[in-house]
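Participant: Have a peek at structure-v4.txt (compact mmCIF, C-alpha atoms and all ligand atoms).
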# COMPACT_ATOMS: atom_id res chain seq x y z
CA MET A 8 -61.51 -0.38 10.29
CA HIS A 9 -61.40 -3.21 7.81
CA SER A 10 -60.61 -2.51 4.20
CA CYS A 11 -63.02 -3.33 1.45
CA THR A 12 -63.63 -2.48 -2.17
CA PRO A 13 -66.30 0.18 -2.65
CA PRO A 14 -69.46 -1.05 -4.40
CA GLN A 15 -69.24 -0.68 -8.15
CA PRO A 16 -71.82 0.68 -10.59
CA THR A 17 -73.57 -1.91 -12.74
CA GLU A 18 -72.64 0.04 -15.91
CA LYS A 19 -75.94 -1.15 -17.33
CA PRO A 20 -77.70 1.18 -19.75
CA LYS A 21 -80.32 3.47 -18.25
CA VAL A 22 -83.19 1.63 -19.90
CA GLU A 23 -82.07 -1.64 -18.37
CA ILE A 24 -81.93 -0.12 -14.90
CA GLU A 25 -85.42 1.31 -15.47
CA ASN A 26 -86.66 -2.15 -16.41
CA ILE A 27 -85.27 -3.57 -13.19
CA ALA A 28 -87.04 -0.82 -11.21
CA LEU A 29 -90.31 -1.38 -13.06
CA LYS A 30 -90.25 -5.11 -12.35
CA ILE A 31 -89.67 -4.39 -8.69
CA ARG A 32 -92.49 -1.84 -8.68
CA ASN A 33 -94.84 -4.42 -10.17
CA GLU A 34 -93.81 -6.91 -7.55
CA PHE A 35 -94.08 -4.66 -4.52
CA PHE A 36 -96.48 -1.80 -5.32
CA GLN A 37 -99.72 -3.74 -5.55
CA SER A 38 -102.12 -1.63 -3.55
CA ASP A 39 -103.81 1.69 -3.25
CA MET A 40 -101.84 2.87 -0.24
CA PRO A 41 -99.97 6.16 -0.24
CA THR A 42 -96.43 5.90 -1.63
CA SER A 43 -94.84 6.22 1.82
CA LYS A 44 -96.85 3.21 3.04
CA LYS A 45 -96.00 1.18 -0.04
CA LEU A 46 -92.31 1.85 0.53
CA ALA A 47 -92.61 0.97 4.22
CA LYS A 48 -94.31 -2.34 3.35
CA MET A 49 -91.72 -3.09 0.72
CA ILE A 50 -88.85 -2.49 3.14
CA GLU A 51 -90.53 -4.72 5.70
CA ARG A 52 -90.85 -7.52 3.15
CA LEU A 53 -87.20 -7.11 2.21
CA ASN A 54 -86.05 -7.41 5.81
CA GLY A 55 -84.87 -3.83 5.90
CA LYS A 56 -85.47 -0.83 8.12
CA VAL A 57 -85.32 2.95 8.05
CA LEU A 58 -83.63 5.01 10.75
CA PHE A 59 -83.51 8.77 11.07
CA LEU A 60 -80.06 10.22 11.64
CA GLU A 61 -79.45 11.85 14.99
CA ASN A 62 -76.03 12.93 13.91
CA THR A 63 -76.22 15.61 11.27
CA THR A 64 -72.66 15.10 10.08
CA ARG A 65 -73.64 11.79 8.61
CA THR A 66 -75.37 11.84 5.25
CA GLU A 67 -78.20 9.72 3.91
CA SER A 68 -76.89 6.26 3.34
CA ILE A 69 -77.58 2.55 3.27
CA GLU A 70 -75.90 -0.31 5.05
CA ALA A 71 -76.45 -3.92 4.04
CA GLU A 72 -75.31 -7.00 5.85
CA ASN A 73 -76.32 -10.66 5.85
CA GLY A 74 -79.46 -10.15 3.81
CA LYS A 75 -80.65 -7.23 5.94
CA PHE A 76 -80.28 -3.54 5.34
CA THR A 77 -80.76 -0.20 7.06
CA ILE A 78 -81.52 3.07 5.30
CA PHE A 79 -80.44 6.23 7.13
CA LEU A 80 -82.38 9.42 6.48
CA PRO A 81 -81.78 12.99 7.61
CA HIS A 82 -84.17 14.52 10.13
CA GLY A 83 -86.67 17.20 9.33
CA THR A 84 -87.30 16.74 5.63
CA SER A 85 -90.68 16.20 4.01
CA VAL A 86 -92.40 12.85 3.51
CA VAL A 87 -92.21 13.25 -0.25
CA ARG A 88 -88.51 13.97 -0.16
CA ASP A 89 -88.03 10.97 2.11
CA ASN A 90 -89.94 8.85 -0.42
CA PHE A 91 -87.45 9.72 -3.12
CA THR A 92 -84.47 9.21 -0.83
CA ILE A 93 -85.80 5.80 0.22
CA ALA A 94 -86.37 4.83 -3.43
CA HIS A 95 -82.83 5.98 -4.23
CA GLU A 96 -81.35 3.92 -1.40
CA LEU A 97 -83.41 0.92 -2.52
CA GLY A 98 -81.78 1.43 -5.91
CA HIS A 99 -78.38 1.06 -4.27
CA TYR A 100 -79.64 -2.02 -2.49
CA PHE A 101 -80.91 -3.81 -5.60
CA LEU A 102 -78.21 -2.60 -7.98
CA HIS A 103 -75.09 -2.36 -5.86
CA LEU A 104 -75.41 -4.19 -2.56
CA LYS A 105 -77.83 -7.11 -2.75
CA ASP A 106 -75.62 -9.43 -4.77
CA ARG A 107 -72.36 -7.94 -3.65
CA VAL A 108 -69.24 -10.01 -4.09
CA THR A 109 -67.10 -10.94 -1.10
CA GLY A 110 -64.84 -8.13 -0.02
CA THR A 111 -67.14 -5.34 -1.18
CA CYS A 112 -68.01 -2.67 1.38
CA GLU A 113 -71.49 -2.84 2.84
CA THR A 114 -72.18 0.85 3.14
CA ILE A 115 -72.96 3.50 0.56
CA SER A 116 -72.99 7.11 1.70
CA CYS A 117 -74.84 9.26 -0.75
CA ASN A 118 -74.00 12.44 -2.45
CA ARG A 119 -77.09 12.70 -4.59
CA GLY A 120 -76.01 15.79 -6.39
CA GLY A 121 -72.75 14.04 -7.16
CA SER A 122 -71.86 13.03 -10.65
CA ASP A 123 -70.59 9.56 -10.00
CA ARG A 124 -72.25 6.75 -11.84
CA LEU A 125 -73.29 4.92 -8.68
CA GLU A 126 -75.51 7.88 -7.75
CA TRP A 127 -76.88 8.23 -11.27
CA GLU A 128 -77.90 4.61 -11.37
CA ALA A 129 -79.70 4.91 -8.03
CA ASN A 130 -81.51 8.03 -9.26
CA TRP A 131 -82.63 6.33 -12.49
CA PHE A 132 -83.94 3.46 -10.41
CA ALA A 133 -85.75 5.77 -7.97
CA ALA A 134 -87.42 7.82 -10.72
CA GLU A 135 -88.76 4.74 -12.45
CA LEU A 136 -89.81 3.05 -9.20
CA LEU A 137 -91.87 6.07 -8.14
CA MET A 138 -92.83 7.58 -11.52
CA PRO A 139 -92.77 4.81 -14.12
CA LYS A 140 -92.41 6.29 -17.60
CA GLN A 141 -95.52 4.89 -19.17
CA GLU A 142 -97.90 5.56 -16.30
CA PHE A 143 -96.34 8.97 -15.75
CA GLY A 144 -96.87 9.89 -19.40
CA GLN A 145 -100.54 8.92 -19.25
CA LYS A 146 -101.16 10.74 -15.99
CA ALA A 147 -99.30 13.80 -17.21
CA LYS A 148 -101.68 14.07 -20.13
CA GLU A 149 -104.69 13.57 -17.87
CA LEU A 150 -103.47 16.18 -15.42
CA GLN A 151 -102.49 18.63 -18.13
CA TYR A 152 -98.80 18.46 -17.34
CA ASN A 153 -99.32 20.09 -13.97
CA HIS A 154 -96.30 19.11 -11.92
CA GLU A 155 -97.99 19.74 -8.58
CA ASP A 156 -100.90 17.43 -9.36
CA LEU A 157 -98.48 14.84 -10.66
CA ALA A 158 -96.40 15.17 -7.51
CA ASP A 159 -99.50 14.53 -5.38
CA TYR A 160 -100.47 11.55 -7.46
CA PHE A 161 -97.06 9.87 -7.38
CA GLY A 162 -96.05 10.85 -3.84
CA VAL A 163 -92.99 12.84 -4.83
CA SER A 164 -91.95 16.47 -4.45
CA SER A 165 -93.15 18.89 -7.11
CA ALA A 166 -89.50 19.46 -8.01
CA ALA A 167 -89.06 15.74 -8.68
CA ALA A 168 -92.23 15.66 -10.82
CA ARG A 169 -90.94 18.60 -12.84
CA VAL A 170 -87.58 16.96 -13.42
CA ARG A 171 -89.43 13.85 -14.58
CA LEU A 172 -91.63 15.85 -16.97
CA LYS A 173 -88.54 17.44 -18.45
CA SER A 174 -86.45 14.30 -18.67
CA LEU A 175 -89.30 12.54 -20.50
CA ASN A 176 -89.60 15.53 -22.84
CA LEU A 177 -93.19 16.14 -21.78
CA ILE A 178 -92.71 19.85 -21.16
ZN ZN B 1 -76.84 7.32 -3.41
Go ahead and render the structure in this file as structure tokens.
Facilitator:
Amino acid sequence: MHSCTPPQPTEKPKVEIENIALKIRNEFFQSDMPTSKKLAKMIERLNGKVLFLENTTRTESIEAENGKFTIFLPHGTSVVRDNFTIAHELGHYFLHLKDRVTGTCETISCNRGGSDRLEWEANWFAAELLMPKQEFGQKAKELQYNHEDLADYFGVSSAAARVRLKSLNLI
């Protein structure tokens, strides 16, 4: 095992991280495909791949090396949950791994419920990538703040849509 410094949070304000995610969304989400397809296309363009974990003791994570990356997902979850996990891991990629300095570790194992800033930043990124504030606000109005309809529209779980409604003070 070689030693390396763990990746560090950007310490950027939330709004700045959301702007990064929105720019990336505008660059990569240019079609009418379902969210899972858009993410798959995006990962392909970025030279990445997604693997499902055989070993249940390992958690969802991302490994980046030499301009390539692999996202590891647990087995047996729903497509919409996978969408959010993938978006979260892409957050780690863009914020914490892509421009890593020499000597930084290449792997981030996630503890999404965790309170460390690295995880928060990836969650802010994921929420904006999949449910951009402005568009989400408009759709929420159109769909009468129904979190299940919003979840269908944005390709996320209804729990994630509800959290978004709350965090944007829409309900
Ligand atoms: Zn994470």
Participant: Identify, counting only C-alpha atoms and all ligand atoms, the protein, DNA and RNA residues located within 8 Å of ligand ZN 1 (chain B), and give them as an NGL selection string.
Facilitator: :A and (67-68 or 95-96 or 99 or 115-119 or 125-127 or 129-130)
Participant: Using all atoms listed in the file, which of the listed residues (A:Pro16, A:Pro81, A:Lys44, A:Asn26) sits closest to Arg65 (chain A)?
Facilitator: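 Smallest separation from Arg65 (chain A) among the options: A:Pro81.
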Participant: Hey, which of A:Tyr152, A:Glu72, A:Leu46, A:Phe161 ends up closest to Thr109 (chain A)? Count all atoms listed in the file.
Facilitator: A:Glu72
Participant: Give me the residues near Thr114 (chain A) as a list in words, where near means some atom within 7 Å (using only C-alpha atoms) and where sequence neighbours in that chain fewer than 4 positions away do not count.
Facilitator: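 Answer for this query is Ile69, Glu70 and Ala71 of chain A.
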Participant: Take CA of Pro14 (chain A) and CA of Thr111 (chain A) and report the distance between them in Å, one decimal.
Facilitator: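 Straight-line distance from CA of Pro14 (chain A) to CA of Thr111 (chain A) works out to 5.8 Å.
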Participant: Would you pull region 26-51 of chain A out of the block just shown and save C-alpha atoms as a compact mmCIF listing (two decimals), in the first residue's frame?
Facilitator:
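See part.txt below for the written result:
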# COMPACT_ATOMS: atom_id res chain seq x y z
CA ASN A 26 -22.61 26.88 -10.73
CA ILE A 27 -19.94 24.35 -11.63
CA ALA A 28 -22.58 21.60 -11.74
CA LEU A 29 -24.93 23.72 -13.85
CA LYS A 30 -22.22 24.46 -16.40
CA ILE A 31 -21.46 20.77 -16.65
CA ARG A 32 -25.16 19.97 -17.02
CA ASN A 33 -25.42 22.46 -19.87
CA GLU A 34 -22.43 20.92 -21.53
CA PHE A 35 -23.44 17.28 -21.22
CA PHE A 36 -27.23 17.09 -20.85
CA GLN A 37 -28.27 18.23 -24.30
CA SER A 38 -30.92 15.74 -25.27
CA ASP A 39 -34.27 14.31 -24.44
CA MET A 40 -32.99 10.97 -23.21
CA PRO A 41 -33.89 9.61 -19.79
CA THR A 42 -31.53 10.77 -17.03
CA SER A 43 -29.85 7.37 -16.75
CA LYS A 44 -28.96 7.50 -20.48
CA LYS A 45 -27.70 11.06 -20.22
CA LEU A 46 -25.42 10.06 -17.36
CA ALA A 47 -24.19 7.00 -19.26
CA LYS A 48 -23.37 9.15 -22.31
CA MET A 49 -21.65 11.71 -20.15
CA ILE A 50 -19.48 9.06 -18.48
CA GLU A 51 -18.57 7.64 -21.88
